[in-house]
Structures are given as structure tokens and as C-alpha cells.
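Participant: Take a look at model.csv, CSV, C-alpha atoms and all ligand atoms:
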chain,number,residue,atom,x,y,z
A,878,MET,CA,11.1,336.9,28.7
A,879,ASP,CA,12.2,338.5,25.4
A,880,CYS,CA,10.1,339.0,22.3
A,881,VAL,CA,11.5,336.0,20.5
A,882,GLU,CA,10.7,333.6,23.3
A,883,CYS,CA,7.3,335.2,23.8
A,884,GLN,CA,6.4,334.8,20.2
A,885,GLU,CA,7.6,331.2,20.0
A,886,ASN,CA,5.2,330.4,22.9
A,887,LEU,CA,2.2,332.3,21.5
A,888,SER,CA,0.4,329.3,19.9
A,889,ALA,CA,0.9,327.1,23.0
A,890,HIS,CA,-0.3,330.1,25.0
A,891,ILE,CA,-3.5,330.4,23.0
A,892,GLU,CA,-4.0,326.6,23.3
A,893,ASN,CA,-3.3,326.7,27.1
A,894,GLU,CA,-0.6,324.2,26.6
A,895,LEU,CA,2.1,326.0,28.6
A,896,PRO,CA,3.1,325.2,32.2
A,897,GLU,CA,1.5,327.7,34.5
A,898,SER,CA,4.7,329.6,35.3
A,899,ILE,CA,5.6,330.2,31.6
A,900,GLN,CA,1.9,331.1,30.8
A,901,GLU,CA,2.2,333.9,33.4
A,902,GLN,CA,5.5,335.2,31.9
A,903,VAL,CA,3.9,335.3,28.4
A,904,SER,CA,0.9,337.2,29.8
A,905,ARG,CA,3.1,339.7,31.5
A,906,HIS,CA,5.2,340.3,28.4
A,907,LEU,CA,2.0,340.8,26.2
A,908,HIS,CA,0.8,343.4,28.6
A,909,ALA,CA,4.1,345.2,28.3
A,910,CYS,CA,5.0,344.7,24.6
A,911,ARG,CA,2.7,346.2,22.0
A,912,ARG,CA,4.4,344.4,19.1
A,913,CYS,CA,4.0,341.0,20.7
A,914,ASP,CA,0.4,341.8,21.7
A,915,ALA,CA,-0.4,342.7,18.1
A,916,GLU,CA,1.0,339.4,17.0
A,917,TYR,CA,-1.0,337.6,19.7
A,918,GLN,CA,-4.2,339.4,18.6
A,919,SER,CA,-3.7,338.5,14.9
A,920,LEU,CA,-3.0,334.9,15.7
A,921,THR,CA,-6.1,334.7,17.9
A,922,THR,CA,-8.3,336.2,15.1
A,923,ALA,CA,-7.0,333.7,12.6
A,924,ASP,CA,-7.3,330.9,15.1
A,925,GLN,CA,-11.0,331.9,15.7
A,926,LEU,CA,-11.8,332.0,12.0
A,927,VAL,CA,-10.2,328.6,11.5
A,928,SER,CA,-12.0,327.1,14.5
A,929,ASP,CA,-15.4,328.4,13.3
A,930,HIS,CA,-15.0,326.8,9.9
A,931,PHE,CA,-12.8,323.8,10.6
A,932,MET,CA,-15.2,321.0,11.4
A,933,ILE,CA,-17.5,319.3,8.9
A,934,GLU,CA,-20.3,316.9,9.6
A,935,ALA,CA,-20.6,313.3,8.4
A,936,SER,CA,-23.4,312.3,6.0
A,937,PRO,CA,-26.3,310.7,7.7
A,938,VAL,CA,-25.7,307.5,5.7
A,939,LEU,CA,-22.1,307.0,6.8
A,940,TRP,CA,-22.9,304.9,9.8
A,941,THR,CA,-25.2,302.7,7.7
A,942,ARG,CA,-22.3,302.1,5.3
A,943,ILE,CA,-19.9,301.2,8.1
A,944,GLU,CA,-22.4,298.8,9.8
A,945,ALA,CA,-23.1,297.1,6.4
A,946,GLU,CA,-19.4,296.6,5.8
A,947,ILE,CA,-18.8,295.2,9.2
A,948,ARG,CA,-21.7,292.8,8.9
A,949,ALA,CA,-20.7,291.8,5.4
A,950,SER,CA,-17.1,291.2,6.4
A,951,ALA,CA,-18.2,289.1,9.4
A,952,THR,CA,-20.3,287.0,7.1
A,953,ASP,CA,-17.4,286.6,4.6
A,954,ARG,CA,-15.0,285.6,7.4
A,955,VAL,CA,-17.5,282.9,8.6
A,956,ALA,CA,-17.8,281.7,5.0
A,957,ALA,CA,-14.0,281.6,4.6
A,958,THR,CA,-13.3,279.6,7.7
A,959,ILE,CA,-16.1,277.0,7.4
A,960,PRO,CA,-16.2,275.2,4.0
A,961,ALA,CA,-19.5,275.5,2.2
A,962,LYS,CA,-21.8,273.0,3.9
A,963,PRO,CA,-23.7,270.8,1.4
A,964,THR,CA,-27.3,269.9,2.1
A,965,PRO,CA,-27.6,266.3,3.5
A,966,TYR,CA,-29.5,265.3,0.3
A,967,GLY,CA,-26.9,266.7,-2.0
A,968,ARG,CA,-24.1,265.1,0.1
A,969,ARG,CA,-25.7,261.7,0.0
A,970,LEU,CA,-26.2,261.9,-3.8
A,971,SER,CA,-22.5,262.9,-4.3
A,972,GLU,CA,-21.4,260.0,-2.1
A,973,ILE,CA,-23.5,257.5,-4.0
A,974,PHE,CA,-22.3,258.7,-7.4
A,975,GLY,CA,-18.7,259.0,-6.4
A,976,ARG,CA,-18.6,255.3,-5.3
A,977,PHE,CA,-19.0,253.8,-8.8
A,978,SER,CA,-16.4,253.1,-11.6
A,979,TRP,CA,-16.8,253.9,-15.3
A,980,ARG,CA,-17.8,250.3,-15.9
A,981,ALA,CA,-20.7,250.6,-13.6
A,982,TRP,CA,-21.5,253.9,-15.3
A,983,ALA,CA,-21.5,252.2,-18.7
A,984,GLY,CA,-23.6,249.4,-17.5
A,985,ALA,CA,-26.1,251.8,-16.0
A,986,ALA,CA,-26.2,253.7,-19.2
A,987,ALA,CA,-26.9,250.5,-21.3
A,988,SER,CA,-29.6,249.4,-18.8
A,989,LEU,CA,-31.2,252.8,-19.1
A,990,GLY,CA,-31.1,252.6,-22.9
A,991,LEU,CA,-32.7,249.1,-22.8
A,992,ALA,CA,-35.4,250.1,-20.4
A,993,LEU,CA,-36.2,253.2,-22.5
A,994,GLY,CA,-36.4,251.0,-25.7
A,995,LEU,CA,-38.7,248.4,-24.0
A,996,THR,CA,-40.9,251.2,-22.6
A,997,PHE,CA,-41.2,252.6,-26.1
A,998,PHE,CA,-42.0,249.1,-27.6
A,999,VAL,CA,-44.7,248.4,-25.0
A,1000,GLN,CA,-46.1,251.8,-25.5
A,1001,GLN,CA,-46.3,251.3,-29.2
A,1002,GLN,CA,-48.0,248.0,-28.8
A,1003,ARG,CA,-50.5,249.5,-26.5
A,1004,GLU,CA,-51.1,252.2,-29.0
A,1005,ASN,CA,-51.9,249.7,-31.8
A,1006,HIS,CA,-54.2,247.8,-29.6
A,1007,ARG,CA,-56.1,250.9,-28.7
A,1008,LEU,CA,-56.4,251.8,-32.4
A,1009,ASP,CA,-57.9,248.3,-33.2
A,1010,GLN,CA,-60.4,248.7,-30.4
A,1011,ALA,CA,-61.3,252.1,-31.7
A,1012,ILE,CA,-61.9,250.7,-35.3
A,1013,GLN,CA,-63.9,247.8,-34.0
A,1014,SER,CA,-66.1,250.0,-31.9
A,1015,TYR,CA,-66.5,252.3,-34.8
A,1016,ILE,CA,-67.7,249.4,-37.0
A,1017,MET,CA,-70.1,248.2,-34.4
A,1018,GLU,CA,-71.4,251.7,-33.9
A,1019,ARG,CA,-71.8,252.2,-37.6
A,1020,ASP,CA,-73.7,248.9,-38.0
A,1021,LYS,CA,-76.0,249.8,-35.1
A,1022,VAL,CA,-76.8,253.1,-36.8
A,1023,GLU,CA,-77.5,251.4,-40.1
A,1024,GLN,CA,-79.8,248.9,-38.4
A,1025,ASN,CA,-81.8,251.7,-36.8
A,1026,HIS,CA,-82.2,253.5,-40.1
A,1027,LEU,CA,-83.5,250.3,-41.7
A,1028,GLN,CA,-86.1,249.8,-38.9
A,1029,ALA,CA,-87.0,253.4,-39.1
A,1030,ASP,CA,-87.6,253.2,-42.8
A,1031,GLN,CA,-89.8,250.2,-42.5
A,1032,GLY,CA,-91.9,251.8,-39.7
A,1033,GLN,CA,-92.4,254.9,-41.8
A,1034,ASP,CA,-93.8,252.8,-44.7
A,1035,LEU,CA,-96.4,251.3,-42.4
A,1036,ALA,CA,-97.3,254.6,-41.0
A,1037,ASN,CA,-97.7,256.1,-44.5
A,1038,THR,CA,-100.1,253.3,-45.4
A,1039,ASP,CA,-102.3,254.3,-42.5
A,1040,GLU,CA,-102.3,258.0,-43.3
A,1041,TYR,CA,-102.6,258.2,-47.0
A,1042,ALA,CA,-103.5,254.9,-48.4
A,1043,GLU,CA,-107.2,255.4,-49.0
A,1044,ASN,CA,-108.2,253.2,-51.8
A,1045,PRO,CA,-109.3,255.6,-54.4
A,1046,PHE,CA,-111.3,252.8,-56.0
A,1047,VAL,CA,-113.4,252.0,-53.0
A,1048,ILE,CA,-117.0,252.6,-53.8
A,1049,GLU,CA,-118.6,253.6,-50.6
A,1050,ASP,CA,-122.1,252.6,-51.4
A,1051,ARG,CA,-122.0,250.4,-54.3
A,1052,HIS,CA,-125.5,249.1,-53.6
A,1053,LYS,CA,-126.9,252.6,-54.1
A,1054,MET,CA,-125.6,252.7,-57.5
A,1055,GLU,CA,-128.3,252.5,-60.0
A,1056,ASN,CA,-128.1,250.5,-63.2
A,1057,PRO,CA,-127.6,253.1,-65.8
A,1058,PHE,CA,-129.2,250.8,-68.4
A,1059,LYS,CA,-132.3,250.3,-66.4
A,1060,LEU,CA,-135.2,251.9,-68.0
B,1254,MET,CA,-11.6,329.1,27.0
B,1255,SER,CA,-10.9,325.5,27.8
B,1256,THR,CA,-8.2,324.5,30.2
B,1257,ALA,CA,-5.6,321.8,29.5
B,1258,ASN,CA,-7.4,319.5,31.8
B,1259,ASP,CA,-10.5,319.6,29.6
B,1260,LYS,CA,-8.5,317.9,26.9
B,1261,ASN,CA,-8.1,314.8,28.9
B,1262,PHE,CA,-10.1,311.8,27.9
B,1263,GLU,CA,-12.1,311.4,31.1
B,1264,ALA,CA,-12.8,315.2,31.5
B,1265,GLU,CA,-14.1,315.2,27.9
B,1266,ALA,CA,-16.5,312.5,28.7
B,1267,SER,CA,-17.9,314.5,31.6
B,1268,VAL,CA,-18.4,317.6,29.5
B,1269,ALA,CA,-20.4,315.9,26.8
B,1270,PRO,CA,-23.8,314.4,27.6
B,1271,LYS,CA,-23.0,311.8,30.2
B,1272,VAL,CA,-21.6,308.9,28.2
B,1273,ASP,CA,-19.6,306.2,29.8
B,1274,THR,CA,-16.9,306.1,27.1
B,1275,LEU,CA,-14.7,303.5,28.8
B,1276,GLY,CA,-17.7,301.3,29.2
B,1277,LEU,CA,-18.6,301.7,25.5
B,1278,VAL,CA,-15.0,300.9,24.5
B,1279,ARG,CA,-15.1,297.7,26.6
B,1280,LYS,CA,-18.4,296.6,25.1
B,1281,ALA,CA,-17.2,297.4,21.5
B,1282,LYS,CA,-14.1,295.2,22.3
B,1283,ALA,CA,-16.5,292.4,23.1
B,1284,GLY,CA,-18.1,292.8,19.7
B,1285,ASP,CA,-21.1,295.1,20.7
B,1286,LEU,CA,-22.0,297.0,17.5
B,1287,ASP,CA,-24.3,299.3,19.3
B,1288,ALA,CA,-21.5,300.4,21.6
B,1289,LEU,CA,-19.4,301.1,18.5
B,1290,GLN,CA,-22.2,303.2,17.1
B,1291,GLN,CA,-22.2,305.3,20.2
B,1292,LEU,CA,-18.5,305.8,20.0
B,1293,TYR,CA,-19.0,306.7,16.3
B,1294,VAL,CA,-21.5,309.4,17.2
B,1295,LYS,CA,-19.1,310.8,19.7
B,1296,TYR,CA,-16.0,310.9,17.5
B,1297,VAL,CA,-17.0,310.8,13.8
B,1298,ASN,CA,-17.1,314.5,13.1
B,1299,ARG,CA,-13.7,315.1,14.7
B,1300,VAL,CA,-12.1,312.2,12.8
B,1301,LEU,CA,-13.9,313.1,9.5
B,1302,SER,CA,-12.8,316.8,9.8
B,1303,PHE,CA,-9.2,315.6,10.4
B,1304,VAL,CA,-9.2,313.4,7.3
B,1305,TYR,CA,-11.1,316.0,5.2
B,1306,ARG,CA,-8.5,318.7,6.1
B,1307,MET,CA,-5.7,316.2,5.1
B,1308,VAL,CA,-7.2,315.1,1.8
B,1309,GLY,CA,-9.4,318.0,0.7
B,1310,SER,CA,-12.3,316.0,-0.6
B,1311,LYS,CA,-15.4,315.2,1.5
B,1312,SER,CA,-16.4,312.0,-0.3
B,1313,GLU,CA,-12.8,310.6,-0.1
B,1314,ALA,CA,-12.7,311.6,3.5
B,1315,GLU,CA,-15.9,309.7,4.2
B,1316,ASP,CA,-14.5,306.6,2.5
B,1317,ILE,CA,-11.4,306.8,4.6
B,1318,VAL,CA,-13.5,307.3,7.8
B,1319,GLN,CA,-15.6,304.2,6.9
B,1320,ASP,CA,-12.4,302.1,6.6
B,1321,THR,CA,-11.2,303.6,9.9
B,1322,PHE,CA,-14.2,302.6,11.9
B,1323,VAL,CA,-14.4,299.2,10.2
B,1324,SER,CA,-10.8,298.3,11.0
B,1325,ALA,CA,-11.1,299.9,14.5
B,1326,TYR,CA,-13.9,297.4,15.2
B,1327,GLN,CA,-12.0,294.5,13.8
B,1328,LYS,CA,-8.8,295.3,15.6
B,1329,MET,CA,-10.4,296.4,18.9
B,1330,SER,CA,-8.6,293.7,20.8
B,1331,GLU,CA,-5.2,295.3,19.8
B,1332,LEU,CA,-6.2,298.5,21.8
B,1333,LYS,CA,-4.2,298.1,25.0
B,1334,GLU,CA,-5.3,301.1,27.1
B,1335,ASP,CA,-9.1,301.6,26.8
B,1336,ALA,CA,-8.7,305.3,27.9
B,1337,LYS,CA,-6.6,306.0,24.8
B,1338,PHE,CA,-9.4,305.0,22.3
B,1339,GLN,CA,-9.6,308.4,20.8
B,1340,SER,CA,-5.8,308.7,20.0
B,1341,TRP,CA,-5.8,305.1,18.7
B,1342,LEU,CA,-8.8,305.9,16.4
B,1343,PHE,CA,-6.9,309.0,15.0
B,1344,THR,CA,-3.8,306.8,14.5
B,1345,ILE,CA,-5.8,304.4,12.4
B,1346,ALA,CA,-7.4,307.3,10.4
B,1347,ARG,CA,-3.9,308.8,9.9
B,1348,ASN,CA,-2.5,305.5,8.6
B,1349,ASN,CA,-5.4,305.2,6.3
B,1350,VAL,CA,-4.9,308.7,4.9
B,1351,TYR,CA,-1.2,308.0,4.1
B,1352,GLN,CA,-1.9,304.5,2.8
B,1353,THR,CA,-4.6,305.7,0.5
B,1354,TYR,CA,-2.5,308.5,-0.9
B,1355,ARG,CA,0.6,306.3,-1.1
B,1356,THR,CA,-1.2,303.7,-3.1
B,1357,ARG,CA,-2.9,306.2,-5.3
B,1358,GLY,CA,0.1,308.4,-5.7
B,1359,VAL,CA,-2.1,311.5,-5.4
B,1360,ALA,CA,-1.1,314.7,-3.7
B,1361,MET,CA,-2.9,314.9,-0.4
B,1362,VAL,CA,-4.4,318.4,-0.2
B,1363,SER,CA,-5.4,319.5,-3.6
B,1364,LEU,CA,-6.4,323.1,-4.5
B,1365,ASP,CA,-8.0,321.8,-7.6
B,1366,HIS,CA,-10.8,320.3,-5.5
B,1367,PRO,CA,-12.0,322.9,-3.1
B,1368,ALA,CA,-15.2,322.0,-1.1
B,1369,LYS,CA,-18.1,322.4,-3.4
B,1370,ALA,CA,-21.6,323.1,-2.1
B,1371,ASP,CA,-23.0,320.1,-4.0
B,1372,GLU,CA,-20.5,317.7,-2.5
B,1373,ARG,CA,-21.8,318.2,1.0
B,1374,PRO,CA,-24.4,316.1,2.7
B,1375,VAL,CA,-28.0,317.2,2.8
B,1376,ALA,CA,-28.0,318.1,6.5
B,1377,GLU,CA,-25.0,320.4,5.9
B,1378,ARG,CA,-26.6,322.0,2.9
B,1379,VAL,CA,-29.8,322.6,4.8
B,1380,ALA,CA,-27.9,324.2,7.6
B,1381,ALA,CA,-26.1,326.4,5.1
B,1382,LYS,CA,-29.4,327.4,3.5
B,1383,SER,CA,-30.8,328.5,6.9
B,1384,LYS,CA,-28.0,331.1,7.1
B,1385,THR,CA,-28.0,334.1,4.9
B,1386,PRO,CA,-26.7,333.6,1.4
B,1387,GLU,CA,-23.7,335.8,2.3
B,1388,ALA,CA,-22.9,333.8,5.4
B,1389,ALA,CA,-23.1,330.6,3.4
B,1390,TYR,CA,-20.9,332.1,0.7
B,1391,LEU,CA,-18.4,333.3,3.3
B,1392,SER,CA,-18.4,329.9,4.8
B,1393,ASP,CA,-17.5,328.2,1.5
B,1394,GLU,CA,-14.9,330.9,0.9
B,1395,LEU,CA,-13.2,330.4,4.2
B,1396,ASP,CA,-13.3,326.6,3.8
B,1397,HIS,CA,-11.4,327.1,0.6
B,1398,VAL,CA,-9.0,329.6,2.2
B,1399,ILE,CA,-8.3,327.1,5.1
B,1400,GLN,CA,-7.7,324.3,2.6
B,1401,SER,CA,-5.4,326.5,0.5
B,1402,ALA,CA,-3.5,327.5,3.6
B,1403,LEU,CA,-3.0,323.8,4.5
B,1404,SER,CA,-1.7,323.1,1.1
B,1405,LEU,CA,1.2,325.4,1.9
B,1406,LEU,CA,2.3,323.2,4.8
B,1407,ASN,CA,4.4,320.1,4.6
B,1408,ASP,CA,2.8,316.8,5.7
B,1409,LYS,CA,4.3,316.9,9.2
B,1410,GLN,CA,3.2,320.5,9.9
B,1411,ARG,CA,-0.2,319.9,8.3
B,1412,GLU,CA,-1.2,316.9,10.4
B,1413,VAL,CA,-0.1,318.4,13.7
B,1414,PHE,CA,-1.8,321.7,12.9
B,1415,VAL,CA,-5.1,319.9,11.9
B,1416,LEU,CA,-5.1,317.6,14.9
B,1417,SER,CA,-4.5,320.5,17.3
B,1418,ALA,CA,-7.2,322.6,15.5
B,1419,LEU,CA,-9.7,319.9,16.5
B,1420,LYS,CA,-9.4,321.5,19.9
B,1421,LYS,CA,-10.1,318.5,22.1
B,1422,LEU,CA,-6.8,317.0,21.4
B,1423,SER,CA,-3.9,318.0,23.6
B,1424,TYR,CA,-0.3,318.5,22.3
B,1425,GLU,CA,0.5,315.3,24.2
B,1426,GLN,CA,-2.3,313.4,22.4
B,1427,VAL,CA,-1.2,314.8,19.0
B,1428,ALA,CA,2.4,313.7,19.7
B,1429,GLU,CA,1.1,310.3,20.6
B,1430,ILE,CA,-0.9,310.0,17.3
B,1431,VAL,CA,1.9,311.1,15.1
B,1432,GLY,CA,4.7,309.4,17.1
B,1433,ARG,CA,6.8,312.5,17.7
B,1434,SER,CA,7.9,314.4,20.8
B,1435,VAL,CA,5.7,317.0,22.4
B,1436,GLY,CA,8.4,319.7,21.8
B,1437,ALA,CA,8.7,318.9,18.0
B,1438,VAL,CA,4.9,318.9,17.7
B,1439,LYS,CA,4.6,322.3,19.6
B,1440,MET,CA,7.2,323.8,17.2
B,1441,ASP,CA,5.5,322.6,14.1
B,1442,ILE,CA,2.1,323.7,15.2
B,1443,HIS,CA,3.4,327.2,15.8
B,1444,ARG,CA,5.1,327.3,12.4
B,1445,ALA,CA,1.9,326.1,10.8
B,1446,ARG,CA,-0.2,328.7,12.6
B,1447,LEU,CA,2.0,331.5,11.3
B,1448,VAL,CA,1.6,330.2,7.7
B,1449,VAL,CA,-2.2,329.8,8.1
B,1450,ARG,CA,-2.4,333.2,9.7
B,1451,GLU,CA,-0.6,334.9,6.8
B,1452,ARG,CA,-2.9,333.2,4.3
B,1453,ILE,CA,-6.0,334.3,6.2
B,1454,LYS,CA,-4.6,337.8,6.7
B,1455,ASN,CA,-4.2,338.1,2.9
B,1456,TYR,CA,-7.7,336.9,2.3
B,1457,LEU,CA,-9.2,339.3,4.9
B,1458,ARG,CA,-7.2,342.2,3.3
B,1459,ARG,CA,-8.7,341.5,-0.1
B,1460,GLU,CA,-12.2,341.7,1.2
A,1501,ZN,ZN,7.6,341.5,22.7
Now, as a test, write the supplied structure out as C-alpha cells.
Facilitator:
Amino acid sequence: MDCVECQENLSAHIENELPESIQEQVSRHLHACRRCDAEYQSLTTADQLVSDHFMIEASPVLWTRIEAEIRASATDRVAATIPAKPTPYGRRLSEIFGRFSWRAWAGAAASLGLALGLTFFVQQQRENHRLDQAIQSYIMERDKVEQNHLQADQGQDLANTDEYAENPFVIEDRHKMENPFKL
Amino acid sequence: MSTANDKNFEAEASVAPKVDTLGLVRKAKAGDLDALQQLYVKYVNRVLSFVYRMVGSKSEAEDIVQDTFVSAYQKMSELKEDAKFQSWLFTIARNNVYQTYRTRGVAMVSLDHPAKADERPVAERVAAKSKTPEAAYLSDELDHVIQSALSLLNDKQREVFVLSALKKLSYEQVAEIVGRSVGAVKMDIHRARLVVRERIKNYLRRE
């Protein structure tokens, strides 16, 4: 093996990628040739430096990101293949509404308007009736109060007579009165 | 040093804490999101690092990785050989990288946006803080040096270099992901290594 052939095989020799027979020939040449051995040493040193600093480590969150994307894309695929499933209630509503023409819709709108108007009218009537009742009961209440005041006033007059109405002209013992002209 | 056999899918599963990867792939195919999460735990940092080295921005890379796992889950039934889940996942990530940058019309690896300390997740920043400030600074510096070295490569060289730098991918798997021959991949990886080595040499000389 000459120097050119030896040096061409040096990387493969370092990597143990040569067939055994060629591996041995390279080893023998390196023992014998100082120039090729220096080349081998220098390549090995560089290889070692690269090896020691070549690998990097993944961030701890990388797997979480991968798992999240896989799960999300699985969900997307399910959503894409199966059409969005309406709720039974929503589907029944859409079936019912879809079945009617514009005439039916206009009729329904008119009926709705009429019903609303009637409701309003009845409501108004009821409101008036309630107002009348309120006025009536107010009058009755007022009359009752006045009656009470009247009775109270009369009672008070009688009581006053009892308390204060001493007859200032009553002469308690008129018979004791002597005749002032009597000699 | 790992052997070529370690890079096979089944062997890889036996090295990591015992996880039945094929079983997880089958469950995820049947729509099991927990199984997908376990596959995510197993592969996310490798896929993220690939995308990050291709686009140069951590937040953009995470967006692309998110799309990658989401579409992997959705297209799971299109995976013919369950044992090739990892390569298939990288193929989706790679397509997303090119699609994103084709639609946006932005250069993939940009030197204007080197990795910033603030941009990194909390866990990463805490880890950086537990080191000495010098070590953290060196780490950021080297990150930038690697990114600037990658910007010197053309798209084909860059992607095969980055994929092979993820270690657990064999040349054969890289070839499968990018749809090229193992020989062509091997050659581009070697050329890329020489460019990256020169860039790192210059950086170390300046120190
Ligand atoms: Zn030589």
C-alpha cells in the first residue's frame, strides 16, 4: 500500500469501515510511514474534538409539542372526514323550518302580528279595569276614614262634657244662703 | 472504539438500556403514541444534532425535528422494513431540511447565526454552567468552529459528514439515507474530514 492509497482510506480506517484485510494493510503502513502516521494522528484529534462537541440535546418541551401536534391533527382529520354533526334538537328545528314556503312564512308573520296586537289590547283593557278598581277602593277607603273621624269628633264632644262641664252657676248649698236683707 | 458490527440496528439496541426497538416500531405502526415516545427518546438527539448541523439554528432544528416525528407517526405504514426505522427517520428529517430551505430560499448553514448560549434549552445551559466558565466558553467556541467548518462544505459532503459524525450510523446506512453508493459516500466523508480538520487545526493554532 502506498501513501496515497493509505491516506484515502484513513477516514474509513478511523471509522472501522474497512474490510479486515485493508484495515490491516493501513495499520502496517502507518507503523512504517511517519508522514501518514502524522496525518492519521491529526485526523484523529480533529475527529475527537468534533465528536465531543457534535451532539446537542433536545429541549424538554419538544416531545410535548410533537404529541400536541399529533393529537391536534388526528382531531382535525376526524373533523374533516365526518361532517359536523348537528344536535338532534337543532336538526329537527332546521327540518321544520326548511319545509315551509314564503307564503307560509308571511302567514305566520301576520298571525304573529295579530296575536301580539290582541295581547296588547287585552293587556290594556285589563290595565284600565285595574285602575278603576283602584280608584273605587280609594274612594271607599277615603269615605270610611271620614266616617271614623266624624264619629271620633262626636265622641270627643261627649267626653269633654264629662270632664270639664261643671256648671259654674251651680250653687252647692243654696239653702244655706242667708237672706242678705234679713235683719 | 466501536466495531462496524456495533453500528447495526440490532446490536445498537442491545448496547443501549434493553429496549425492544422492533417491538416499539410495530406498536407505533399500530398507532401507539407511547411507543413512538420511546422511539423519540432513543433517537431524538441524534436526529436533532443532524438537523442542527445542517441548518445551524437550534430553534429551526427543533421545528424540523417536530415535523419529522409527526410525519413519521402519520406515515408509519409506509415503512416497509421495521429494522430500518432509524435510516427511514433520518430520510424524513433530511427531506424536511431540504424542503424547508428550498421553500424559504435561505442558505442552510449560516455563519451569521452561530449557536448562542441563550438559544439553548435550560437543561443544556445548566449542564454548561456546571462546567468551568472556560470549558463552557471553549464548548461554545468549538461549536462555532464546527459550524463554520461545515459551511465550507457543499451540501452532499456536509450531509454525509454530519451523518457519519453521529457515530452510530454506518457508511451503508448513510448511503441508504442519502440515496448514493457506499463508495461515493466514503469518498465525500474523507474529503469533508480533511476540510474540517484544516479548520480545526487553524483554530487550535490561534489558541
Ligand atoms: Zn505513507
Participant: Using only C-alpha atoms and all ligand atoms, what are the residues with an atom within 8 Å of ligand ZN 1501 (chain A), set out as a PDB file with C-alpha atoms, in the coordinates of the input?
Facilitator:
ATOM      1  CA  ASP A 879      12.200 338.500  25.400  1.00  0.00           C
ATOM      2  CA  CYS A 880      10.100 339.000  22.300  1.00  0.00           C
ATOM      3  CA  VAL A 881      11.500 336.000  20.500  1.00  0.00           C
ATOM      4  CA  CYS A 883       7.300 335.200  23.800  1.00  0.00           C
ATOM      5  CA  GLN A 884       6.400 334.800  20.200  1.00  0.00           C
ATOM      6  CA  HIS A 906       5.200 340.300  28.400  1.00  0.00           C
ATOM      7  CA  LEU A 907       2.000 340.800  26.200  1.00  0.00           C
ATOM      8  CA  ALA A 909       4.100 345.200  28.300  1.00  0.00           C
ATOM      9  CA  CYS A 910       5.000 344.700  24.600  1.00  0.00           C
ATOM     10  CA  ARG A 911       2.700 346.200  22.000  1.00  0.00           C
ATOM     11  CA  ARG A 912       4.400 344.400  19.100  1.00  0.00           C
ATOM     12  CA  CYS A 913       4.000 341.000  20.700  1.00  0.00           C
ATOM     13  CA  ASP A 914       0.400 341.800  21.700  1.00  0.00           C
TER      14      ASP A 914
END
Participant: Which protein, DNA or RNA residues are at most 12 Å from (2.4, 304.9, 20.9) in the file's coordinates when you count all atoms listed in the file, listed as a list of chain:residue names?
Facilitator: B:Leu1332, B:Lys1333, B:Glu1334, B:Lys1337, B:Phe1338, B:Ser1340, B:Trp1341, B:Phe1343, B:Thr1344, B:Ile1345, B:Glu1425, B:Gln1426, B:Val1427, B:Ala1428, B:Glu1429, B:Ile1430, B:Val1431, B:Gly1432, B:Arg1433, B:Ser1434
Participant: For chain B, work out the contacting residues on chain A at 10 Å, counting only C-alpha atoms, and write them as a ChimeraX atom specification.
Facilitator: /A:884-889,891-896,916,919-924,926-948,950-951
Participant: Any chance you can output those residues with C-alpha atoms as a PDB file, in the coordinates of the input?
Facilitator:
ATOM      1  CA  GLN A 884       6.400 334.800  20.200  1.00  0.00           C
ATOM      2  CA  GLU A 885       7.600 331.200  20.000  1.00  0.00           C
ATOM      3  CA  ASN A 886       5.200 330.400  22.900  1.00  0.00           C
ATOM      4  CA  LEU A 887       2.200 332.300  21.500  1.00  0.00           C
ATOM      5  CA  SER A 888       0.400 329.300  19.900  1.00  0.00           C
ATOM      6  CA  ALA A 889       0.900 327.100  23.000  1.00  0.00           C
ATOM      7  CA  ILE A 891      -3.500 330.400  23.000  1.00  0.00           C
ATOM      8  CA  GLU A 892      -4.000 326.600  23.300  1.00  0.00           C
ATOM      9  CA  ASN A 893      -3.300 326.700  27.100  1.00  0.00           C
ATOM     10  CA  GLU A 894      -0.600 324.200  26.600  1.00  0.00           C
ATOM     11  CA  LEU A 895       2.100 326.000  28.600  1.00  0.00           C
ATOM     12  CA  PRO A 896       3.100 325.200  32.200  1.00  0.00           C
ATOM     13  CA  GLU A 916       1.000 339.400  17.000  1.00  0.00           C
ATOM     14  CA  SER A 919      -3.700 338.500  14.900  1.00  0.00           C
ATOM     15  CA  LEU A 920      -3.000 334.900  15.700  1.00  0.00           C
ATOM     16  CA  THR A 921      -6.100 334.700  17.900  1.00  0.00           C
ATOM     17  CA  THR A 922      -8.300 336.200  15.100  1.00  0.00           C
ATOM     18  CA  ALA A 923      -7.000 333.700  12.600  1.00  0.00           C
ATOM     19  CA  ASP A 924      -7.300 330.900  15.100  1.00  0.00           C
ATOM     20  CA  LEU A 926     -11.800 332.000  12.000  1.00  0.00           C
ATOM     21  CA  VAL A 927     -10.200 328.600  11.500  1.00  0.00           C
ATOM     22  CA  SER A 928     -12.000 327.100  14.500  1.00  0.00           C
ATOM     23  CA  ASP A 929     -15.400 328.400  13.300  1.00  0.00           C
ATOM     24  CA  HIS A 930     -15.000 326.800   9.900  1.00  0.00           C
ATOM     25  CA  PHE A 931     -12.800 323.800  10.600  1.00  0.00           C
ATOM     26  CA  MET A 932     -15.200 321.000  11.400  1.00  0.00           C
ATOM     27  CA  ILE A 933     -17.500 319.300   8.900  1.00  0.00           C
ATOM     28  CA  GLU A 934     -20.300 316.900   9.600  1.00  0.00           C
ATOM     29  CA  ALA A 935     -20.600 313.300   8.400  1.00  0.00           C
ATOM     30  CA  SER A 936     -23.400 312.300   6.000  1.00  0.00           C
ATOM     31  CA  PRO A 937     -26.300 310.700   7.700  1.00  0.00           C
ATOM     32  CA  VAL A 938     -25.700 307.500   5.700  1.00  0.00           C
ATOM     33  CA  LEU A 939     -22.100 307.000   6.800  1.00  0.00           C
ATOM     34  CA  TRP A 940     -22.900 304.900   9.800  1.00  0.00           C
ATOM     35  CA  THR A 941     -25.200 302.700   7.700  1.00  0.00           C
ATOM     36  CA  ARG A 942     -22.300 302.100   5.300  1.00  0.00           C
ATOM     37  CA  ILE A 943     -19.900 301.200   8.100  1.00  0.00           C
ATOM     38  CA  GLU A 944     -22.400 298.800   9.800  1.00  0.00           C
ATOM     39  CA  ALA A 945     -23.100 297.100   6.400  1.00  0.00           C
ATOM     40  CA  GLU A 946     -19.400 296.600   5.800  1.00  0.00           C
ATOM     41  CA  ILE A 947     -18.800 295.200   9.200  1.00  0.00           C
ATOM     42  CA  ARG A 948     -21.700 292.800   8.900  1.00  0.00           C
ATOM     43  CA  SER A 950     -17.100 291.200   6.400  1.00  0.00           C
ATOM     44  CA  ALA A 951     -18.200 289.100   9.400  1.00  0.00           C
TER      45      ALA A 951
END
Participant: Quick one: distance from CA of Leu1405 in chain B to CA of Ile1317 in chain B in Å, one decimal?
Facilitator: 22.6 Å
Participant: Expressed in Å to a single decimal, how great is the separation between CA of Leu1342 in chain B and CA of Gln925 in chain A?
Facilitator: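 According to the coordinates, CA of Leu1342 in chain B and CA of Gln925 in chain A are separated by 26.1 Å.
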Participant: Work out how far CA of Asn1005 in chain A is from CA of Ala987 in chain A, in Å to one decimal.
Facilitator: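 Calculated distance between CA of Ala987 in chain A and CA of Asn1005 in chain A is 27.1 Å.
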Participant: Which is closer to Tyr1296 in chain B than all the others in B:Leu1422, B:Ala1389, B:Val1308, B:Ala1402, using only C-alpha atoms?
Facilitator: B:Leu1422
